[in-house]
Amino acid sequence: MATMCVYLGSREGRDPRFLEAARALGVALARRGHALVYGGARVGMMGALADSALAAGGQVTGVMPDHLVEREQAHHGLTRLIRVRNMHERKASMAAHSDAFIALPGGIGTLEELFEAWTWQYLGLHDKPIGVLDTDGFYSPLLTFLDSTVDHGFLDARTRTRLLAASEPDGLLAVMEARLADDH
C-alpha cells in the first residue's frame, strides 16, 4: 500500500512499553501491507521496529549517513540499506522514499525530524500525512503545548490538526490510511 517513514530513538528508553510499541508498529505495518523506511540502525527501538517488520514479512529500507554506520550500528539484514553522506541527505532520502511520516518516542533527533517533516508540509513542499504514536502518553505534553501555541496565535488550528496522534499502532495507521485515501 504505502511506504511509512518512521522516526524513533536508537535507544530503548526506560519503559519497556516503548520498545513493545515499536515492535507492534513493525508488525502492524507489515500486516497492513506497508513498507517501512527508517534510520537504519540495528539497536534500540530502531532495531526492534525493523526486526519485527522483517519477521512479519515486511519490506524495510534503512537510510544512514556514513559517519553513523558504526556509531548507530547499521542493520545489515534489511531489504535495503541506503548509505548517504550526511544528515541532510538522510532526511531528504527518507522523505523521498515515503508516503507518510510517523514519530515514536525518541530524543532530539526524532523531534527534529518530526518538526522538519511537519514544517515541509506547512510550507507546501509535500502533503504527506504526519502522525505521532503517543505510547503511554509520551507525546501528550508536546500535543498540549502545540494546542497552547494555537491558543496564543502562533500556530494555525488547521496546521495543528494535520499532526495526527493515536496511542496504538493500528489506530494511528487507520487514520493515516484514511488521510492517504482522501489525498488520492
# chains A, B, ... in the order shown; residues from 1 in each chain; ligands from 1
call {"tool": "residues_around", "arguments": {"residues": "stretch 23-36 of chain A", "least_positions_apart": "2", "cutoff": "10 Å", "atoms": "only C-alpha atoms", "output": "PyMOL selection string"}}
result
chain A and resi 1-6+17-21+38+45-62+79+94+97-99+104+133+168-170+172-174+177
call {"tool": "select_by_dssp", "arguments": {"residues": "chain A", "states": "alpha helix (DSSP H)", "output": "ChimeraX atom specification"}}
result
/A:16-31,44-55,87-96,108-122,140-151,157-161,169-183
call {"tool": "residues_around", "arguments": {"residues": "stretch 114-119 of chain A", "least_positions_apart": "4", "cutoff": "12 Å", "atoms": "only C-alpha atoms", "output": "mmCIF file with N, CA, C and O atoms, in the first residue's frame"}}
result
data_model
loop_
_atom_site.group_PDB
_atom_site.id
_atom_site.type_symbol
_atom_site.label_atom_id
_atom_site.label_comp_id
_atom_site.auth_asym_id
_atom_site.auth_seq_id
_atom_site.Cartn_x
_atom_site.Cartn_y
_atom_site.Cartn_z
ATOM 1 N N CYS A 5 7.557 6.340 6.648
ATOM 2 C CA CYS A 5 8.827 6.748 7.237
ATOM 3 C C CYS A 5 8.606 6.866 8.737
ATOM 4 O O CYS A 5 7.702 7.585 9.177
ATOM 5 N N VAL A 6 9.406 6.163 9.515
ATOM 6 C CA VAL A 6 9.245 6.196 10.971
ATOM 7 C C VAL A 6 10.504 6.780 11.604
ATOM 8 O O VAL A 6 11.616 6.321 11.358
ATOM 9 N N TYR A 7 10.293 7.807 12.414
ATOM 10 C CA TYR A 7 11.348 8.420 13.203
ATOM 11 C C TYR A 7 11.217 7.893 14.624
ATOM 12 O O TYR A 7 10.125 7.907 15.202
ATOM 13 N N LEU A 8 12.329 7.470 15.217
ATOM 14 C CA LEU A 8 12.301 6.949 16.580
ATOM 15 C C LEU A 8 13.705 6.844 17.120
ATOM 16 O O LEU A 8 14.675 6.961 16.376
ATOM 17 N N HIS A 88 21.521 15.708 6.220
ATOM 18 C CA HIS A 88 20.604 16.364 5.286
ATOM 19 C C HIS A 88 20.175 15.380 4.199
ATOM 20 O O HIS A 88 18.994 15.298 3.851
ATOM 21 N N LYS A 91 17.695 12.695 5.697
ATOM 22 C CA LYS A 91 16.308 13.129 5.829
ATOM 23 C C LYS A 91 15.649 13.292 4.463
ATOM 24 O O LYS A 91 14.492 12.910 4.288
ATOM 25 N N ALA A 92 16.382 13.838 3.504
ATOM 26 C CA ALA A 92 15.813 14.002 2.169
ATOM 27 C C ALA A 92 15.518 12.648 1.526
ATOM 28 O O ALA A 92 14.480 12.466 0.890
ATOM 29 N N MET A 94 14.942 9.746 3.123
ATOM 30 C CA MET A 94 13.822 9.130 3.827
ATOM 31 C C MET A 94 12.502 9.744 3.355
ATOM 32 O O MET A 94 11.528 9.026 3.110
ATOM 33 N N ALA A 95 12.471 11.054 3.209
ATOM 34 C CA ALA A 95 11.245 11.722 2.757
ATOM 35 C C ALA A 95 10.898 11.335 1.329
ATOM 36 O O ALA A 95 9.733 11.087 1.006
ATOM 37 N N ALA A 96 11.908 11.262 0.475
ATOM 38 C CA ALA A 96 11.660 10.928 -0.931
ATOM 39 C C ALA A 96 11.143 9.501 -1.102
ATOM 40 O O ALA A 96 10.403 9.220 -2.042
ATOM 41 N N SER A 98 9.135 7.915 0.985
ATOM 42 C CA SER A 98 7.976 7.642 1.835
ATOM 43 C C SER A 98 6.721 8.359 1.369
ATOM 44 O O SER A 98 6.780 9.352 0.652
ATOM 45 N N ASP A 99 5.591 7.825 1.856
ATOM 46 C CA ASP A 99 4.282 8.405 1.586
ATOM 47 C C ASP A 99 3.674 9.051 2.822
ATOM 48 O O ASP A 99 2.654 9.737 2.728
ATOM 49 N N ALA A 100 4.267 8.804 3.982
ATOM 50 C CA ALA A 100 3.750 9.330 5.248
ATOM 51 C C ALA A 100 4.860 9.258 6.293
ATOM 52 O O ALA A 100 5.844 8.541 6.107
ATOM 53 N N PHE A 101 4.676 10.000 7.401
ATOM 54 C CA PHE A 101 5.675 10.067 8.468
ATOM 55 C C PHE A 101 5.035 9.742 9.811
ATOM 56 O O PHE A 101 3.941 10.221 10.111
ATOM 57 N N ILE A 102 5.747 8.950 10.604
ATOM 58 C CA ILE A 102 5.297 8.594 11.951
ATOM 59 C C ILE A 102 6.466 8.809 12.911
ATOM 60 O O ILE A 102 7.582 8.417 12.614
ATOM 61 N N ALA A 103 6.178 9.414 14.053
ATOM 62 C CA ALA A 103 7.202 9.553 15.099
ATOM 63 C C ALA A 103 6.799 8.713 16.301
ATOM 64 O O ALA A 103 5.670 8.793 16.782
ATOM 65 N N LEU A 104 7.725 7.906 16.763
ATOM 66 C CA LEU A 104 7.607 7.166 18.008
ATOM 67 C C LEU A 104 8.453 7.894 19.042
ATOM 68 O O LEU A 104 9.151 8.857 18.709
ATOM 69 N N PRO A 105 8.438 7.455 20.287
ATOM 70 C CA PRO A 105 9.307 8.097 21.268
ATOM 71 C C PRO A 105 10.773 8.104 20.818
ATOM 72 O O PRO A 105 11.242 7.159 20.180
ATOM 73 N N GLY A 106 11.435 9.181 21.145
ATOM 74 C CA GLY A 106 12.842 9.344 20.802
ATOM 75 C C GLY A 106 13.351 10.642 21.387
ATOM 76 O O GLY A 106 12.630 11.340 22.093
ATOM 77 N N GLY A 107 14.575 10.971 21.062
ATOM 78 C CA GLY A 107 15.216 12.159 21.604
ATOM 79 C C GLY A 107 15.184 13.332 20.637
ATOM 80 O O GLY A 107 14.277 13.471 19.817
ATOM 81 N N ILE A 108 16.227 14.155 20.713
ATOM 82 C CA ILE A 108 16.235 15.386 19.918
ATOM 83 C C ILE A 108 16.268 15.111 18.420
ATOM 84 O O ILE A 108 15.699 15.872 17.647
ATOM 85 N N GLY A 109 16.918 14.039 18.001
ATOM 86 C CA GLY A 109 16.931 13.709 16.580
ATOM 87 C C GLY A 109 15.541 13.375 16.065
ATOM 88 O O GLY A 109 15.132 13.831 14.989
ATOM 89 N N THR A 110 14.797 12.606 16.837
ATOM 90 C CA THR A 110 13.430 12.249 16.465
ATOM 91 C C THR A 110 12.555 13.495 16.375
ATOM 92 O O THR A 110 11.795 13.669 15.416
ATOM 93 N N LEU A 123 4.854 24.293 4.613
ATOM 94 C CA LEU A 123 5.358 25.141 3.528
ATOM 95 C C LEU A 123 4.906 24.678 2.141
ATOM 96 O O LEU A 123 5.228 25.316 1.142
ATOM 97 N N GLY A 124 4.173 23.572 2.087
ATOM 98 C CA GLY A 124 3.663 23.076 0.812
ATOM 99 C C GLY A 124 4.663 22.259 0.025
ATOM 100 O O GLY A 124 4.460 22.018 -1.169
ATOM 101 N N LEU A 125 5.746 21.809 0.660
ATOM 102 C CA LEU A 125 6.743 21.011 -0.040
ATOM 103 C C LEU A 125 6.297 19.563 -0.205
ATOM 104 O O LEU A 125 6.840 18.833 -1.028
ATOM 105 N N HIS A 126 5.347 19.141 0.601
ATOM 106 C CA HIS A 126 4.714 17.827 0.450
ATOM 107 C C HIS A 126 3.355 17.894 1.130
ATOM 108 O O HIS A 126 3.059 18.845 1.863
ATOM 109 N N ASP A 127 2.518 16.910 0.868
ATOM 110 C CA ASP A 127 1.221 16.829 1.532
ATOM 111 C C ASP A 127 1.015 15.431 2.098
ATOM 112 O O ASP A 127 -0.058 14.854 2.011
ATOM 113 N N LYS A 128 2.076 14.880 2.675
ATOM 114 C CA LYS A 128 2.049 13.535 3.231
ATOM 115 C C LYS A 128 1.557 13.582 4.676
ATOM 116 O O LYS A 128 1.916 14.493 5.416
ATOM 117 N N PRO A 129 0.763 12.598 5.083
ATOM 118 C CA PRO A 129 0.304 12.567 6.472
ATOM 119 C C PRO A 129 1.465 12.438 7.457
ATOM 120 O O PRO A 129 2.476 11.800 7.164
ATOM 121 N N ILE A 130 1.276 13.051 8.630
ATOM 122 C CA ILE A 130 2.270 13.011 9.695
ATOM 123 C C ILE A 130 1.550 12.682 10.991
ATOM 124 O O ILE A 130 0.518 13.291 11.303
ATOM 125 N N GLY A 131 2.096 11.731 11.732
ATOM 126 C CA GLY A 131 1.460 11.370 12.984
ATOM 127 C C GLY A 131 2.464 10.967 14.044
ATOM 128 O O GLY A 131 3.615 10.652 13.739
ATOM 129 N N VAL A 132 2.013 10.980 15.284
ATOM 130 C CA VAL A 132 2.830 10.512 16.400
ATOM 131 C C VAL A 132 2.120 9.352 17.070
ATOM 132 O O VAL A 132 0.901 9.358 17.230
ATOM 133 N N LEU A 133 2.907 8.341 17.427
ATOM 134 C CA LEU A 133 2.393 7.230 18.216
ATOM 135 C C LEU A 133 2.604 7.620 19.678
ATOM 136 O O LEU A 133 3.728 7.617 20.177
ATOM 137 N N TYR A 139 3.857 11.616 24.006
ATOM 138 C CA TYR A 139 3.731 12.867 23.264
ATOM 139 C C TYR A 139 2.650 13.792 23.819
ATOM 140 O O TYR A 139 2.482 14.908 23.326
ATOM 141 N N LEU A 142 3.739 17.364 24.597
ATOM 142 C CA LEU A 142 4.027 18.109 23.370
ATOM 143 C C LEU A 142 2.732 18.508 22.674
ATOM 144 O O LEU A 142 2.590 19.649 22.219
ATOM 145 N N LEU A 146 1.463 22.226 21.803
ATOM 146 C CA LEU A 146 1.078 22.661 20.456
ATOM 147 C C LEU A 146 -0.314 23.274 20.452
ATOM 148 O O LEU A 146 -0.559 24.266 19.752
ATOM 149 N N LEU A 155 0.277 29.360 15.979
ATOM 150 C CA LEU A 155 0.073 28.204 15.099
ATOM 151 C C LEU A 155 -1.376 28.187 14.679
ATOM 152 O O LEU A 155 -2.284 28.328 15.515
ATOM 153 N N THR A 159 -3.252 23.828 10.759
ATOM 154 C CA THR A 159 -1.915 23.234 10.761
ATOM 155 C C THR A 159 -1.783 22.264 11.929
ATOM 156 O O THR A 159 -1.255 21.165 11.775
ATOM 157 N N ARG A 160 -2.286 22.631 13.093
ATOM 158 C CA ARG A 160 -2.216 21.756 14.265
ATOM 159 C C ARG A 160 -2.966 20.444 14.034
ATOM 160 O O ARG A 160 -2.487 19.379 14.408
ATOM 161 N N THR A 161 -4.135 20.520 13.404
ATOM 162 C CA THR A 161 -4.924 19.304 13.196
ATOM 163 C C THR A 161 -4.288 18.359 12.186
ATOM 164 O O THR A 161 -4.661 17.188 12.124
ATOM 165 N N ARG A 162 -3.341 18.839 11.432
ATOM 166 C CA ARG A 162 -2.669 17.979 10.455
ATOM 167 C C ARG A 162 -1.649 17.047 11.100
ATOM 168 O O ARG A 162 -1.197 16.102 10.473
ATOM 169 N N LEU A 163 -1.272 17.324 12.346
ATOM 170 C CA LEU A 163 -0.416 16.403 13.083
ATOM 171 C C LEU A 163 -1.328 15.403 13.791
ATOM 172 O O LEU A 163 -2.006 15.727 14.765
ATOM 173 N N LEU A 164 -1.372 14.190 13.260
ATOM 174 C CA LEU A 164 -2.256 13.150 13.773
ATOM 175 C C LEU A 164 -1.624 12.489 14.988
ATOM 176 O O LEU A 164 -0.403 12.480 15.140
#
call {"tool": "select_by_dssp", "arguments": {"residues": "stretch 38-79 of chain A", "states": "strand (DSSP E)", "output": "VMD selection string"}}
result
chain A and resid 38 60 to 65
call {"tool": "atom_distance", "arguments": {"atom1": "atom CA of A:Ile82", "atom2": "atom CA of A:Pro65"}}
result
8.4 Å
call {"tool": "atom_distance", "arguments": {"atom1": "atom CA of A:Gly77", "atom2": "atom CA of A:Gly40"}}
result
9.9 Å
call {"tool": "atom_distance", "arguments": {"atom1": "atom CA of A:Met176", "atom2": "atom CA of A:Gly153"}}
result
26.7 Å
call {"tool": "residues_around", "arguments": {"residues": "A:Asn86", "least_positions_apart": "6", "cutoff": "12 Å", "atoms": "only C-alpha atoms", "output": "JSON, numbers by chain"}}
result
{"A": [63, 64, 65, 66, 67, 68, 69, 92, 93]}
call {"tool": "decode", "arguments": {"residues": "stretch 108-175 of chain A", "atoms": "C-alpha atoms", "output": "short mmCIF file (atom, residue, chain, number, x, y, z; two decimals), in the first residue's frame"}}
result
data_model
loop_
_atom_site.label_atom_id
_atom_site.label_comp_id
_atom_site.auth_asym_id
_atom_site.auth_seq_id
_atom_site.Cartn_x
_atom_site.Cartn_y
_atom_site.Cartn_z
CA ILE A 108 16.24 15.39 19.92
CA GLY A 109 16.93 13.71 16.58
CA THR A 110 13.43 12.25 16.46
CA LEU A 111 11.86 15.57 17.38
CA GLU A 112 13.96 17.44 14.83
CA GLU A 113 12.93 15.02 12.07
CA LEU A 114 9.26 15.22 13.07
CA PHE A 115 9.24 19.01 13.10
CA GLU A 116 11.15 19.27 9.83
CA ALA A 117 8.68 16.97 8.06
CA TRP A 118 5.77 18.93 9.54
CA THR A 119 7.36 22.25 8.54
CA TRP A 120 7.88 20.96 4.98
CA GLN A 121 4.18 20.04 4.91
CA TYR A 122 3.21 23.51 6.21
CA LEU A 123 5.36 25.14 3.53
CA GLY A 124 3.66 23.08 0.81
CA LEU A 125 6.74 21.01 -0.04
CA HIS A 126 4.71 17.83 0.45
CA ASP A 127 1.22 16.83 1.53
CA LYS A 128 2.05 13.54 3.23
CA PRO A 129 0.30 12.57 6.47
CA ILE A 130 2.27 13.01 9.70
CA GLY A 131 1.46 11.37 12.98
CA VAL A 132 2.83 10.51 16.40
CA LEU A 133 2.39 7.23 18.22
CA ASP A 134 1.56 8.52 21.69
CA THR A 135 2.61 5.41 23.61
CA ASP A 136 1.81 5.73 27.30
CA GLY A 137 1.24 9.49 26.85
CA PHE A 138 4.82 10.14 25.70
CA TYR A 139 3.73 12.87 23.26
CA SER A 140 0.83 14.21 25.37
CA PRO A 141 2.86 17.12 26.86
CA LEU A 142 4.03 18.11 23.37
CA LEU A 143 0.50 17.91 21.95
CA THR A 144 -0.77 20.06 24.83
CA PHE A 145 2.00 22.58 24.15
CA LEU A 146 1.08 22.66 20.46
CA ASP A 147 -2.55 23.31 21.38
CA SER A 148 -1.26 26.19 23.51
CA THR A 149 0.61 27.63 20.51
CA VAL A 150 -2.74 27.71 18.69
CA ASP A 151 -4.39 29.42 21.69
CA HIS A 152 -1.61 32.03 21.73
CA GLY A 153 -1.88 32.69 17.98
CA PHE A 154 1.47 31.26 16.90
CA LEU A 155 0.07 28.20 15.10
CA ASP A 156 -2.95 27.97 12.86
CA ALA A 157 -5.58 25.48 14.09
CA ARG A 158 -5.68 23.78 10.67
CA THR A 159 -1.92 23.23 10.76
CA ARG A 160 -2.22 21.76 14.26
CA THR A 161 -4.92 19.30 13.20
CA ARG A 162 -2.67 17.98 10.45
CA LEU A 163 -0.42 16.40 13.08
CA LEU A 164 -2.26 13.15 13.77
CA ALA A 165 -1.94 11.21 17.02
CA ALA A 166 -3.07 7.87 18.42
CA SER A 167 -1.98 5.69 21.31
CA GLU A 168 -1.98 2.35 19.42
CA PRO A 169 -0.26 1.41 16.14
CA ASP A 170 -3.40 0.16 14.38
CA GLY A 171 -5.33 3.27 15.39
CA LEU A 172 -2.63 5.57 14.06
CA LEU A 173 -2.25 3.59 10.85
CA ALA A 174 -6.01 3.66 10.30
CA VAL A 175 -6.20 7.47 10.48
#
